[in-house]
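Colleague: Structure file query.txt (compact mmCIF, C-alpha atoms) is given on the next line.
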```
# COMPACT_ATOMS: atom_id res chain seq x y z
CA MET A 1 23.06 -33.99 -29.12
CA THR A 2 21.42 -31.68 -26.64
CA THR A 3 20.19 -33.40 -23.54
CA LEU A 4 17.53 -32.17 -21.12
CA THR A 5 20.34 -31.58 -18.66
CA ASP A 6 22.12 -29.26 -21.11
CA ARG A 7 18.94 -27.30 -21.61
CA TYR A 8 18.29 -27.10 -17.88
CA VAL A 9 21.81 -25.96 -17.04
CA TRP A 10 21.72 -23.36 -19.79
CA ALA A 11 18.33 -22.06 -18.63
CA ALA A 12 19.61 -21.70 -15.08
CA ALA A 13 23.04 -20.28 -15.89
CA ARG A 14 21.89 -17.61 -18.32
CA THR A 15 20.30 -15.63 -15.48
CA LEU A 16 23.63 -15.41 -13.65
CA PRO A 17 26.43 -12.89 -14.18
CA GLU A 18 28.91 -14.03 -16.81
CA SER A 19 31.74 -14.43 -14.29
CA GLN A 20 29.86 -17.01 -12.24
CA ARG A 21 28.51 -19.12 -15.05
CA ALA A 22 31.36 -21.56 -15.65
CA GLU A 23 31.63 -22.57 -12.01
CA PHE A 24 27.87 -22.76 -11.60
CA ASP A 25 27.59 -24.88 -14.76
CA ARG A 26 30.06 -27.40 -13.38
CA GLU A 27 28.49 -27.54 -9.94
CA LEU A 28 25.01 -27.98 -11.30
CA ARG A 29 26.11 -30.77 -13.64
CA GLU A 30 27.70 -32.56 -10.73
CA ARG A 31 24.53 -32.24 -8.70
CA ILE A 32 22.28 -33.41 -11.54
CA GLY A 33 24.63 -36.26 -12.45
CA ASP A 34 24.76 -37.55 -8.89
CA ALA A 35 21.00 -37.30 -8.53
CA ILE A 36 20.46 -39.22 -11.79
CA ASP A 37 22.94 -41.92 -10.74
CA ALA A 38 21.15 -42.35 -7.44
CA LEU A 39 17.83 -42.78 -9.23
CA VAL A 40 19.29 -45.22 -11.75
CA GLU A 41 20.60 -47.29 -8.87
CA THR A 42 17.06 -47.62 -7.54
CA GLY A 43 16.01 -49.13 -10.88
CA SER A 44 14.89 -46.23 -13.09
CA SER A 45 15.88 -46.04 -16.72
CA PRO A 46 18.42 -43.26 -17.41
CA ASP A 47 15.81 -41.21 -19.31
CA GLU A 48 13.26 -41.46 -16.54
CA ALA A 49 15.93 -40.71 -13.97
CA GLU A 50 16.99 -37.55 -15.80
CA ARG A 51 13.42 -36.30 -16.09
CA ALA A 52 12.74 -37.06 -12.42
CA ALA A 53 15.96 -35.41 -11.23
CA LEU A 54 15.36 -32.22 -13.24
CA THR A 55 11.70 -32.04 -12.19
CA GLU A 56 12.86 -32.30 -8.59
CA LEU A 57 15.17 -29.30 -9.11
CA GLY A 58 12.22 -27.14 -10.17
CA ASP A 59 12.24 -23.82 -12.01
CA PRO A 60 15.82 -23.17 -13.19
CA ALA A 61 15.55 -19.42 -12.63
CA ALA A 62 14.45 -19.97 -9.02
CA LEU A 63 17.27 -22.46 -8.50
CA ALA A 64 19.87 -20.05 -9.85
CA ALA A 65 18.49 -17.25 -7.68
CA GLN A 66 18.82 -19.50 -4.64
CA TYR A 67 22.44 -20.29 -5.51
CA ILE A 68 23.55 -16.69 -5.66
CA ASP A 69 21.15 -15.32 -3.01
CA ARG A 70 19.33 -13.15 -5.49
CA PRO A 71 16.13 -11.67 -4.08
CA LEU A 72 12.99 -13.19 -5.54
CA GLN A 73 10.83 -10.26 -4.52
CA LEU A 74 10.60 -6.83 -6.09
CA ILE A 75 11.10 -4.98 -2.81
CA GLY A 76 12.13 -6.88 0.29
CA PRO A 77 11.60 -6.21 3.99
CA ARG A 78 14.67 -3.96 4.13
CA TYR A 79 13.11 -1.30 1.93
CA TYR A 80 9.40 -2.13 1.94
CA LEU A 81 8.37 0.30 4.71
CA MET A 82 10.47 3.11 3.28
CA TRP A 83 8.93 2.56 -0.15
CA TRP A 84 5.43 2.45 1.27
CA ARG A 85 5.85 5.61 3.37
CA LEU A 86 7.36 7.55 0.50
CA LEU A 87 4.61 6.45 -1.85
CA LYS A 88 1.90 7.53 0.58
CA LEU A 89 3.63 10.87 1.07
CA LEU A 90 3.94 11.48 -2.66
CA TYR A 91 0.36 10.51 -3.33
CA SER A 92 -0.97 12.77 -0.61
CA ILE A 93 1.08 15.80 -1.67
CA VAL A 94 2.08 15.69 -5.31
CA LEU A 95 -1.13 14.21 -6.64
CA PRO A 96 -3.58 16.79 -5.22
CA ILE A 97 -1.28 19.71 -6.06
CA GLY A 98 -0.76 18.47 -9.59
CA ALA A 99 -4.46 17.88 -10.15
CA ALA A 100 -5.42 21.25 -8.69
CA GLY A 101 -2.79 22.95 -10.84
CA VAL A 102 -4.11 21.39 -14.01
CA LEU A 103 -7.70 22.24 -13.12
CA LEU A 104 -6.80 25.85 -12.36
CA GLY A 105 -4.79 26.19 -15.56
CA GLN A 106 -7.62 24.78 -17.64
CA LEU A 107 -10.21 27.06 -16.05
CA LEU A 108 -8.00 30.12 -16.44
CA SER A 109 -7.44 29.36 -20.09
CA GLY A 110 -11.18 29.40 -20.48
CA ALA A 111 -11.80 25.74 -21.07
CA ASP A 112 -15.31 24.40 -20.76
CA ILE A 113 -15.94 22.89 -17.29
CA GLY A 114 -16.47 19.35 -18.55
CA GLU A 115 -13.32 19.51 -20.63
CA ALA A 116 -11.36 20.90 -17.66
CA ILE A 117 -12.55 18.09 -15.36
CA GLY A 118 -11.83 15.51 -18.04
CA SER A 119 -8.24 16.59 -18.56
CA THR A 120 -7.71 16.95 -14.80
CA VAL A 121 -8.79 13.35 -14.26
CA THR A 122 -6.58 12.12 -17.12
CA THR A 123 -3.58 14.02 -15.81
CA ALA A 124 -4.20 12.84 -12.24
CA ILE A 125 -4.25 9.21 -13.39
CA SER A 126 -1.06 9.73 -15.36
CA ILE A 127 0.64 11.41 -12.38
CA ALA A 128 -0.44 8.54 -10.12
CA VAL A 129 0.88 5.89 -12.50
CA ASN A 130 4.18 7.70 -12.98
CA LEU A 131 4.72 8.31 -9.26
CA GLY A 132 4.04 4.66 -8.52
CA PHE A 133 6.21 3.34 -11.32
CA TRP A 134 9.31 5.47 -10.82
CA THR A 135 9.31 5.19 -7.03
CA THR A 136 8.97 1.43 -7.26
CA LEU A 137 11.67 1.22 -9.90
CA VAL A 138 14.17 3.11 -7.75
CA PHE A 139 13.49 0.84 -4.79
CA ALA A 140 13.63 -2.32 -6.91
CA VAL A 141 17.09 -1.21 -8.09
CA LEU A 142 18.16 -0.44 -4.51
CA GLU A 143 16.97 -3.89 -3.46
CA ARG A 144 19.35 -5.37 -6.03
CA THR A 145 22.28 -3.16 -5.16
CA THR A 146 24.40 -4.94 -2.61
CA ALA A 147 25.51 -2.76 0.25
CA GLY A 148 29.10 -3.00 1.37
CA ALA A 149 29.87 -5.52 4.10
CA GLY A 150 28.42 -4.47 7.42
CA GLN A 151 26.57 -1.49 5.97
CA PRO A 152 22.85 -1.29 6.42
CA GLY A 153 22.41 0.15 2.93
CA ILE A 154 20.59 3.45 2.79
CA ALA A 155 17.76 2.24 4.98
CA ALA A 156 16.86 5.06 7.33
CA VAL A 157 17.30 4.26 10.99
CA TRP A 158 14.02 4.40 12.82
CA THR A 159 14.00 6.64 15.88
CA LEU A 160 11.47 7.35 18.59
CA ASP A 161 10.88 10.78 17.08
CA MET A 162 9.16 9.13 14.16
CA LEU A 163 6.31 7.85 16.33
CA PRO A 164 3.11 9.45 15.07
CA ALA A 165 1.09 11.60 17.46
CA LEU A 166 -2.12 9.92 18.59
CA PRO A 167 -4.91 11.16 16.36
CA GLU A 168 -7.67 13.03 18.12
CA PRO A 169 -10.51 10.59 17.33
CA ALA A 170 -13.21 13.23 17.13
CA LYS A 171 -11.13 15.34 14.76
CA THR A 172 -10.65 12.43 12.37
CA SER A 173 -14.37 11.84 12.10
CA ARG A 174 -14.98 15.59 11.77
CA LEU A 175 -12.77 15.64 8.71
CA GLY A 176 -15.44 13.85 6.69
CA GLU A 177 -17.96 16.44 7.83
CA LEU A 178 -15.64 19.26 6.83
CA ILE A 179 -15.04 17.86 3.37
CA GLY A 180 -18.76 17.31 2.86
CA SER A 181 -19.52 20.90 3.87
CA LEU A 182 -16.79 22.40 1.71
CA VAL A 183 -17.87 20.45 -1.37
CA PHE A 184 -21.49 21.39 -0.85
CA LEU A 185 -20.76 25.08 -0.26
CA GLY A 186 -18.42 25.21 -3.24
CA ILE A 187 -21.02 23.72 -5.53
CA PHE A 188 -23.67 26.06 -4.13
CA ALA A 189 -21.53 29.15 -4.71
CA ALA A 190 -20.66 27.98 -8.22
CA ALA A 191 -24.36 27.39 -8.91
CA ILE A 192 -25.23 30.96 -7.95
CA VAL A 193 -22.71 32.29 -10.45
CA TRP A 194 -23.47 29.67 -13.04
CA GLN A 195 -27.24 30.26 -13.14
CA GLN A 196 -26.58 33.70 -14.57
CA PHE A 197 -25.50 32.04 -17.81
CA GLY A 198 -28.60 29.97 -18.09
CA VAL A 199 -29.79 26.76 -16.57
CA VAL A 200 -33.31 27.07 -17.91
CA PHE A 201 -34.15 24.50 -20.53
CA HIS A 202 -36.83 25.13 -23.07
CA ASP A 203 -37.79 22.28 -25.37
CA GLY A 204 -34.53 20.54 -24.48
CA VAL A 205 -32.41 23.54 -25.49
CA ARG A 206 -30.49 25.55 -22.91
CA GLU A 207 -31.43 29.16 -23.04
CA PRO A 208 -29.23 32.03 -21.89
CA THR A 209 -31.83 32.91 -19.32
CA PRO A 210 -30.73 33.63 -15.76
CA LEU A 211 -32.71 31.70 -13.16
CA LEU A 212 -32.38 34.36 -10.46
CA ASP A 213 -33.35 37.94 -11.06
CA PRO A 214 -30.23 39.76 -12.36
CA ALA A 215 -31.29 42.82 -10.37
CA LEU A 216 -30.28 40.88 -7.25
CA TRP A 217 -26.61 41.26 -8.22
CA SER A 218 -26.75 44.81 -6.91
CA PHE A 219 -26.89 43.51 -3.34
CA TRP A 220 -28.48 40.17 -2.50
CA LEU A 221 -26.46 37.73 -4.58
CA PRO A 222 -23.11 39.12 -3.34
CA TYR A 223 -24.63 38.99 0.14
CA PHE A 224 -25.40 35.27 -0.25
CA LEU A 225 -21.95 34.60 -1.67
CA ALA A 226 -20.41 36.35 1.32
CA LEU A 227 -22.60 34.22 3.60
CA ILE A 228 -21.27 31.11 1.86
CA ALA A 229 -17.73 32.33 2.54
CA LEU A 230 -18.68 32.73 6.20
CA GLU A 231 -20.19 29.23 6.17
CA ILE A 232 -16.86 27.91 4.89
CA LEU A 233 -15.02 29.61 7.75
CA PHE A 234 -17.64 28.20 10.09
CA ALA A 235 -17.12 24.64 8.78
CA ILE A 236 -13.36 25.01 9.29
CA ALA A 237 -13.92 26.31 12.82
CA VAL A 238 -16.10 23.28 13.60
CA TYR A 239 -13.37 21.02 12.28
CA ALA A 240 -10.65 22.75 14.30
CA TRP A 241 -12.41 23.11 17.63
CA GLY A 242 -15.34 20.73 17.56
CA TRP A 243 -18.88 21.76 18.32
CA ASN A 244 -19.41 24.06 21.28
CA TRP A 245 -22.17 26.47 22.31
CA TRP A 246 -20.49 29.44 20.64
CA LEU A 247 -20.40 27.63 17.32
CA ALA A 248 -23.97 26.42 17.78
CA GLY A 249 -24.96 30.06 18.30
CA ALA A 250 -23.05 31.12 15.18
CA ASN A 251 -24.86 28.35 13.30
CA LEU A 252 -28.20 29.80 14.40
CA VAL A 253 -27.20 33.31 13.28
CA LEU A 254 -25.94 32.08 9.91
CA ASN A 255 -29.13 30.12 9.33
CA ILE A 256 -31.32 33.12 10.09
CA ALA A 257 -29.14 35.39 7.98
CA PHE A 258 -29.62 33.02 5.06
CA THR A 259 -33.15 31.75 5.39
CA VAL A 260 -35.03 34.94 6.25
CA PRO A 261 -33.83 37.05 3.27
CA ALA A 262 -34.09 34.08 0.91
CA LEU A 263 -37.71 33.42 1.88
CA TRP A 264 -38.57 37.08 1.82
CA LEU A 265 -37.15 37.44 -1.70
CA PHE A 266 -38.91 34.27 -2.78
CA LEU A 267 -42.31 35.22 -1.38
CA THR A 268 -42.21 38.79 -2.71
CA GLY A 269 -41.37 37.46 -6.16
CA GLN A 270 -37.97 39.13 -6.36
CA LEU A 271 -35.91 35.93 -6.38
CA ILE A 272 -36.67 34.23 -9.67
CA SER A 273 -36.20 36.21 -12.87
CA ASP A 274 -39.24 37.01 -14.96
CA GLU A 275 -37.71 35.37 -18.03
CA ALA A 276 -37.17 32.12 -16.12
CA LEU A 277 -40.71 32.19 -14.79
CA GLU A 278 -41.95 32.72 -18.29
CA ALA A 279 -39.83 29.89 -19.64
CA MET A 280 -41.15 27.61 -16.91
CA GLN A 281 -44.68 28.81 -17.75
CA TRP A 282 -45.29 29.82 -14.15
CA PRO A 283 -47.76 29.73 -12.48
CA TRP A 284 -48.58 26.10 -13.09
CA GLY A 285 -52.32 26.30 -13.09
CA THR A 286 -53.84 26.05 -9.64
CA SER A 287 -50.91 24.16 -8.09
CA GLY A 288 -48.86 27.37 -7.73
CA PRO A 289 -49.71 28.23 -4.10
CA VAL A 290 -49.23 24.60 -3.01
CA ILE A 291 -45.73 24.47 -4.49
CA VAL A 292 -44.80 27.78 -2.90
CA ALA A 293 -46.02 26.48 0.46
CA ILE A 294 -44.01 23.25 0.08
CA VAL A 295 -40.85 25.18 -0.73
CA VAL A 296 -41.28 27.47 2.26
CA VAL A 297 -41.95 24.56 4.66
CA VAL A 298 -38.97 22.56 3.37
CA VAL A 299 -36.58 25.51 3.66
CA ILE A 300 -37.72 26.37 7.19
CA ALA A 301 -37.60 22.71 8.27
CA ALA A 302 -34.09 22.25 6.89
CA SER A 303 -32.72 25.32 8.67
CA THR A 304 -34.49 24.48 11.90
CA TRP A 305 -33.10 20.96 11.83
CA ASP A 306 -29.62 22.28 11.13
CA VAL A 307 -29.84 24.61 14.14
CA ILE A 308 -31.18 21.84 16.40
CA GLU A 309 -28.50 19.43 15.24
CA GLY A 310 -25.79 22.00 15.96
CA GLY A 311 -27.23 22.41 19.45
CA MET A 312 -27.33 18.65 20.00
CA LYS A 313 -23.74 18.24 18.90
CA ALA A 314 -22.61 21.06 21.16
CA TYR A 315 -24.51 19.45 24.04
CA ARG A 316 -22.97 16.03 23.41
CA ALA A 317 -19.47 17.48 22.98
CA GLY A 318 -19.88 19.33 26.28
CA ARG A 319 -20.87 16.14 28.11
CA ALA A 320 -18.26 13.75 26.81
CA VAL A 321 -14.92 15.38 26.24
CA PRO A 322 -13.55 12.94 23.64
CA ALA A 323 -16.91 12.74 21.91
CA ALA A 324 -17.02 11.06 18.55
CA MET A 325 -18.80 13.12 15.95
CA THR A 326 -20.46 10.78 13.54
CA GLY A 327 -23.39 12.77 12.26
CA PRO A 328 -23.66 13.28 8.50
CA ALA A 329 -22.58 16.59 7.11
CA THR A 330 -25.72 18.68 7.13
CA SER A 331 -24.43 22.16 7.67
CA GLY A 332 -25.57 24.32 4.83
CA ALA A 333 -28.47 22.03 3.96
CA LYS A 334 -30.87 24.93 3.92
CA ALA A 335 -30.76 25.56 0.22
CA MET B 1 -4.37 -29.73 8.84
CA ASN B 2 -2.85 -26.41 9.86
CA LEU B 3 -1.26 -27.99 12.88
CA ASP B 4 0.85 -30.26 10.68
CA GLU B 5 2.01 -27.31 8.63
CA THR B 6 2.83 -25.36 11.76
CA THR B 7 4.77 -28.28 13.18
CA ALA B 8 6.69 -28.75 9.95
CA GLY B 9 7.53 -25.04 9.87
CA HIS B 10 8.83 -25.01 13.42
CA LEU B 11 10.82 -28.20 12.93
CA GLN B 12 12.43 -26.68 9.86
CA GLU B 13 13.35 -23.56 11.81
CA LEU B 14 14.78 -25.61 14.67
CA ARG B 15 16.91 -27.68 12.29
CA ARG B 16 18.16 -24.86 10.10
CA GLY B 17 21.15 -23.93 12.20
CA THR B 18 22.03 -27.51 13.04
CA VAL B 19 22.57 -28.34 9.37
CA VAL B 20 25.31 -25.70 9.23
CA LEU B 21 26.91 -27.15 12.33
CA ALA B 22 26.64 -30.70 11.00
CA CYS B 23 28.26 -29.71 7.68
CA LEU B 24 31.14 -27.92 9.39
CA VAL B 25 31.83 -30.91 11.61
CA ARG B 26 31.34 -33.55 8.92
CA LEU B 27 33.54 -31.73 6.38
CA ARG B 28 36.63 -31.94 8.56
CA THR B 29 37.17 -34.82 6.12
CA PRO B 30 36.64 -33.45 2.58
CA ASP B 31 33.62 -34.64 0.66
CA TYR B 32 31.35 -33.65 -2.24
CA GLY B 33 27.73 -32.56 -2.20
CA TYR B 34 25.87 -35.75 -2.87
CA ALA B 35 28.01 -37.90 -0.55
CA LEU B 36 27.53 -35.34 2.21
CA LEU B 37 23.77 -35.34 1.63
CA GLU B 38 23.65 -39.13 1.89
CA SER B 39 25.82 -39.38 4.97
CA LEU B 40 23.94 -36.64 6.86
CA ASN B 41 20.59 -38.23 6.09
CA THR B 42 21.92 -41.66 7.09
CA LEU B 43 23.07 -40.16 10.40
CA GLY B 44 19.56 -38.84 10.95
CA ILE B 45 20.33 -35.19 10.21
CA LEU B 46 17.52 -34.68 7.73
CA VAL B 47 18.36 -32.20 5.03
CA ASP B 48 17.00 -31.56 1.56
CA ALA B 49 19.21 -31.25 -1.54
CA ASN B 50 17.61 -27.89 -2.30
CA THR B 51 18.82 -26.66 1.07
CA LEU B 52 22.21 -28.31 1.17
CA TYR B 53 23.69 -27.33 -2.20
CA PRO B 54 23.04 -23.59 -1.88
CA LEU B 55 24.16 -23.79 1.76
CA LEU B 56 27.55 -25.25 0.77
CA ARG B 57 28.00 -22.43 -1.68
CA ARG B 58 27.11 -19.82 0.89
CA LEU B 59 29.45 -21.29 3.51
CA GLU B 60 32.23 -21.29 0.96
CA LYS B 61 31.54 -17.66 0.11
CA GLN B 62 31.74 -16.82 3.81
CA GLY B 63 35.13 -18.51 4.02
CA LEU B 64 33.92 -21.27 6.34
CA LEU B 65 34.56 -23.98 3.75
CA THR B 66 37.25 -24.31 1.13
CA SER B 67 36.73 -26.25 -2.07
CA GLU B 68 38.73 -28.11 -4.65
CA TRP B 69 37.67 -29.77 -7.89
CA ASN B 70 38.47 -33.46 -8.12
CA THR B 71 38.75 -34.50 -11.75
CA ASP B 72 40.09 -38.01 -11.26
CA GLU B 73 36.75 -39.57 -12.09
CA ALA B 74 34.53 -39.22 -15.16
CA ARG B 75 32.39 -36.64 -13.41
CA PRO B 76 34.29 -33.70 -11.92
CA ARG B 77 33.24 -33.17 -8.33
CA LYS B 78 33.69 -30.26 -6.01
CA PHE B 79 35.14 -31.37 -2.68
CA TYR B 80 34.49 -29.16 0.30
CA ARG B 81 36.55 -29.01 3.47
CA THR B 82 36.08 -27.03 6.66
CA SER B 83 38.45 -24.06 6.83
CA PRO B 84 40.16 -22.89 10.05
CA THR B 85 37.52 -20.16 10.36
CA GLY B 86 34.91 -22.85 9.89
CA GLU B 87 36.48 -24.85 12.71
CA LEU B 88 36.23 -21.86 15.04
CA LEU B 89 32.60 -21.34 14.12
CA ALA B 90 31.87 -25.04 14.56
CA ASP B 91 33.34 -24.90 18.10
CA ALA B 92 31.29 -21.83 18.96
CA LEU B 93 28.10 -23.34 17.56
CA MET B 94 28.72 -26.64 19.31
CA THR B 95 29.27 -24.91 22.67
CA ASP B 96 26.06 -23.01 22.24
CA TRP B 97 24.20 -26.12 21.18
CA ARG B 98 25.29 -27.92 24.34
CA ARG B 99 24.35 -24.92 26.47
CA ILE B 100 20.87 -24.84 24.96
CA ASP B 101 20.56 -28.59 25.41
CA ASP B 102 21.49 -28.29 29.09
CA ALA B 103 19.13 -25.38 29.56
CA LEU B 104 16.26 -27.25 27.93
CA ALA B 105 17.07 -30.31 30.04
CA GLY B 106 16.97 -28.14 33.17
CA LEU B 107 13.64 -26.74 32.05
CA THR B 108 12.17 -30.18 31.51
CA THR B 109 13.30 -31.60 34.87
CA GLY B 110 12.08 -28.41 36.50
CA ASP B 111 8.66 -29.18 35.04
CA GLU B 112 8.64 -32.73 36.35
CA SER B 113 9.64 -31.99 39.94
```
Go ahead and render the structure in this file as structure tokens.
Modeller:
Amino acid sequence: MTTLTDRYVWAAARTLPESQRAEFDRELRERIGDAIDALVETGSSPDEAERAALTELGDPAALAAQYIDRPLQLIGPRYYLMWWRLLKLLYSIVLPIGAAGVLLGQLLSGADIGEAIGSTVTTAISIAVNLGFWTTLVFAVLERTTAGAGQPGIAAVWTLDMLPALPEPAKTSRLGELIGSLVFLGIFAAAIVWQQFGVVFHDGVREPTPLLDPALWSFWLPYFLALIALEILFAIAVYAWGWNWWLAGANLVLNIAFTVPALWLFLTGQLISDEALEAMQWPWGTSGPVIVAIVVVVVIAASTWDVIEGGMKAYRAGRAVPAAMTGPATSGAKA
Amino acid sequence: MNLDETTAGHLQELRRGTVVLACLVRLRTPDYGYALLESLNTLGILVDANTLYPLLRRLEKQGLLTSEWNTDEARPRKFYRTSPTGELLADALMTDWRRIDDALAGLTTGDES
């Protein structure tokens, strides 16, 4: 007949290496037997005593792990920091490179933009899951590999050289600004190219009508694209050096170089293509001049604000040397 | 509520090493797990079965205890005895224990004066 004790001992011993089982089996039976006897002496029935003694012992797997000093965590303190640092490193290097590679490959092979983004996201998720899983697996195995006596295992010895340099606080907050600017400028440049292939909708159907006058490709559109490239360099310069009066001046020049030709083209009717105007059924009755005025005021206000903000940031940075830059990314908001 | 838990935690930490010392000293005369548990608790060295049994195993693995199965009775029992290495460790631990005791005593009288 199988007793509860037999079942308990089997459940505990099966998690141990074969070589240790016989001895462990004997020891555990001794312990359980003595505990039951003690309970019976206090007046319990043998059945009750057995149940109570085994309940007291708790989860057999945990008990067995305690007997042979088996770790009950996936990755213990010896390897945790190494695992965590490696994972962060992999995620910050392999993941972006992999995702960018997939995106580039998709775009080069002529995939539709939505499809390219979709497969990039899927691949990025799969890369992330794989990196996490395999790294963790290796460390979990290491955790369970006993190092020779007196050896620290493969744990890297921490030295003073590994102390991180103090981050420049302003630079950290400028990073957000840089990313915002780069994303905005990238989208803007893509939009200029993209509009050529039609963003005008007519009765819910996209028509291959360029929004901007194709004649502008002879000079003005490349000019604006070049300005965007300069804006990107400008955003990087702001990130690297922080705002100063030179950069504020460059910001003013860039704004003028963008806004003045754009408004001139807009007001002289050279900006928007005739087909697009026709598709939009321009002019919209009597509201035409009002809309034109609104557009002009908004564009001028946005550039003026951008110039003023640049000046304010340069002024603040000049006053307080470790100034924290917390303004939202507005450079390039003159579109 | 948290204070009780904190106290219990610190008491456990304070006692951890003393259980090893008590086992090494007590097992100069061989004995088995349950009898050792009973006698230590009777002496006022409070230890839990879940702590003691794995501890005996670990001490044996470290060569501080030797063991022998006694099969004279119906239930085979593993008798542990302090090894010569265990004796040396017990002496070292005991010396240190006394030193700490003296130091703490000095600290306390220093407070009172």
Colleague: Which is closer to chain B than all the others in A:Trp241, A:Tyr67, A:Phe24, A:Tyr8, using only C-alpha atoms?
Modeller: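 Ranked by minimum distance to chain B, first place goes to A:Tyr67.
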Colleague: What does the distance between CA of Arg15 (chain B) and CA of Ile45 (chain B) come to in Å, to one decimal place?
Modeller: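 These two atoms are separated by 8.5 Å.
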Colleague: Region 69-85 of chain A: which residues within 9 Å, counting only C-alpha atoms, same-chain residues fewer than 2 positions away excluded, as a ChimeraX atom specification?
Modeller: /A:62,64-67,87-90,135-137,139-144,152-156 /B:54,58
Colleague: Counting all atoms listed in the file, a student should be able to say which residues of chain B come within 9 Å of chain A; what is the right answer, written as an MDAnalysis selection string?
Modeller: chainID B and resid 33:35 49:50 53:55 57:58 75:78
Colleague: Mind giving me the straight-line distance from CA of Arg319 (chain A) to CA of Val307 (chain A) in Å, one decimal?
Modeller: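 Pair CA of Arg319 (chain A) / CA of Val307 (chain A) returns 18.6 Å.
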Colleague: Figure out the distance between CA of Leu233 (chain A) and CA of Met312 (chain A), please, to one decimal in Å.
Modeller: 20.5 Å
Colleague: If we count all atoms listed in the file and set the cut-off at 7 Å, which residues sit around Ile228 (chain A), ignoring sequence neighbours fewer than 3 positions away in its own chain? Please answer as an NGL selection string.
Modeller: :A and (185 or 189 or 224-225 or 231-232)
Colleague: Which is closer to Lys61 (chain B) than all the others in B:Pro30, B:Ala103, B:Ser83, B:Arg98, using all atoms listed in the file?
Modeller: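 Among B:Pro30, B:Ala103, B:Ser83, B:Arg98, it is B:Ser83 that comes nearest to Lys61 (chain B).
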Colleague: Can you work out which one of A:Gly242, A:Gly43, A:Gly180, A:Pro60 has the shortest atom-to-atom distance to Val9 (chain A), counting all atoms listed in the file?
Modeller: A:Pro60
Colleague: Give me the box for region 29-44 of chain B as lines of an AutoDock Vina configuration file, namely the centre and edge lengths in Å to one decimal of a box along x, y and z that holds every listed atom plus 8 Å on each side.
Modeller:
```
center_x = 28.4
center_y = -37.1
center_z = 4.0
size_x = 33.6
size_y = 25.1
size_z = 29.8
```
Colleague: Fix up region 90-102 of chain B with N, CA and C atoms, then write it as a PDB file, in the frame of the given file.
Modeller:
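Written out: selection12.pdb:
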```pdb
ATOM      1  N   ALA B  90      32.451 -23.765  14.133  1.00  0.00           N
ATOM      2  CA  ALA B  90      31.870 -25.040  14.560  1.00  0.00           C
ATOM      3  C   ALA B  90      31.989 -25.186  16.080  1.00  0.00           C
ATOM      4  N   ASP B  91      33.165 -24.812  16.643  1.00  0.00           N
ATOM      5  CA  ASP B  91      33.340 -24.900  18.100  1.00  0.00           C
ATOM      6  C   ASP B  91      32.330 -24.014  18.817  1.00  0.00           C
ATOM      7  N   ALA B  92      32.212 -22.769  18.310  1.00  0.00           N
ATOM      8  CA  ALA B  92      31.290 -21.830  18.960  1.00  0.00           C
ATOM      9  C   ALA B  92      29.864 -22.345  18.903  1.00  0.00           C
ATOM     10  N   LEU B  93      29.470 -22.844  17.724  1.00  0.00           N
ATOM     11  CA  LEU B  93      28.100 -23.340  17.560  1.00  0.00           C
ATOM     12  C   LEU B  93      27.853 -24.542  18.458  1.00  0.00           C
ATOM     13  N   MET B  94      28.877 -25.414  18.508  1.00  0.00           N
ATOM     14  CA  MET B  94      28.720 -26.640  19.310  1.00  0.00           C
ATOM     15  C   MET B  94      28.567 -26.293  20.784  1.00  0.00           C
ATOM     16  N   THR B  95      29.378 -25.342  21.260  1.00  0.00           N
ATOM     17  CA  THR B  95      29.270 -24.910  22.670  1.00  0.00           C
ATOM     18  C   THR B  95      27.865 -24.401  22.949  1.00  0.00           C
ATOM     19  N   ASP B  96      27.381 -23.591  22.034  1.00  0.00           N
ATOM     20  CA  ASP B  96      26.060 -23.010  22.240  1.00  0.00           C
ATOM     21  C   ASP B  96      24.983 -24.089  22.207  1.00  0.00           C
ATOM     22  N   TRP B  97      25.165 -25.017  21.293  1.00  0.00           N
ATOM     23  CA  TRP B  97      24.200 -26.120  21.180  1.00  0.00           C
ATOM     24  C   TRP B  97      24.112 -26.882  22.501  1.00  0.00           C
ATOM     25  N   ARG B  98      25.275 -27.173  23.076  1.00  0.00           N
ATOM     26  CA  ARG B  98      25.290 -27.920  24.340  1.00  0.00           C
ATOM     27  C   ARG B  98      24.638 -27.090  25.454  1.00  0.00           C
ATOM     28  N   ARG B  99      24.922 -25.792  25.437  1.00  0.00           N
ATOM     29  CA  ARG B  99      24.350 -24.920  26.470  1.00  0.00           C
ATOM     30  C   ARG B  99      22.823 -24.926  26.377  1.00  0.00           C
ATOM     31  N   ILE B 100      22.316 -24.825  25.142  1.00  0.00           N
ATOM     32  CA  ILE B 100      20.870 -24.840  24.960  1.00  0.00           C
ATOM     33  C   ILE B 100      20.295 -26.182  25.406  1.00  0.00           C
ATOM     34  N   ASP B 101      21.028 -27.245  25.051  1.00  0.00           N
ATOM     35  CA  ASP B 101      20.560 -28.590  25.410  1.00  0.00           C
ATOM     36  C   ASP B 101      20.452 -28.723  26.924  1.00  0.00           C
ATOM     37  N   ASP B 102      21.509 -28.242  27.628  1.00  0.00           N
ATOM     38  CA  ASP B 102      21.490 -28.290  29.090  1.00  0.00           C
ATOM     39  C   ASP B 102      20.329 -27.473  29.637  1.00  0.00           C
TER      40      ASP B 102
END
```
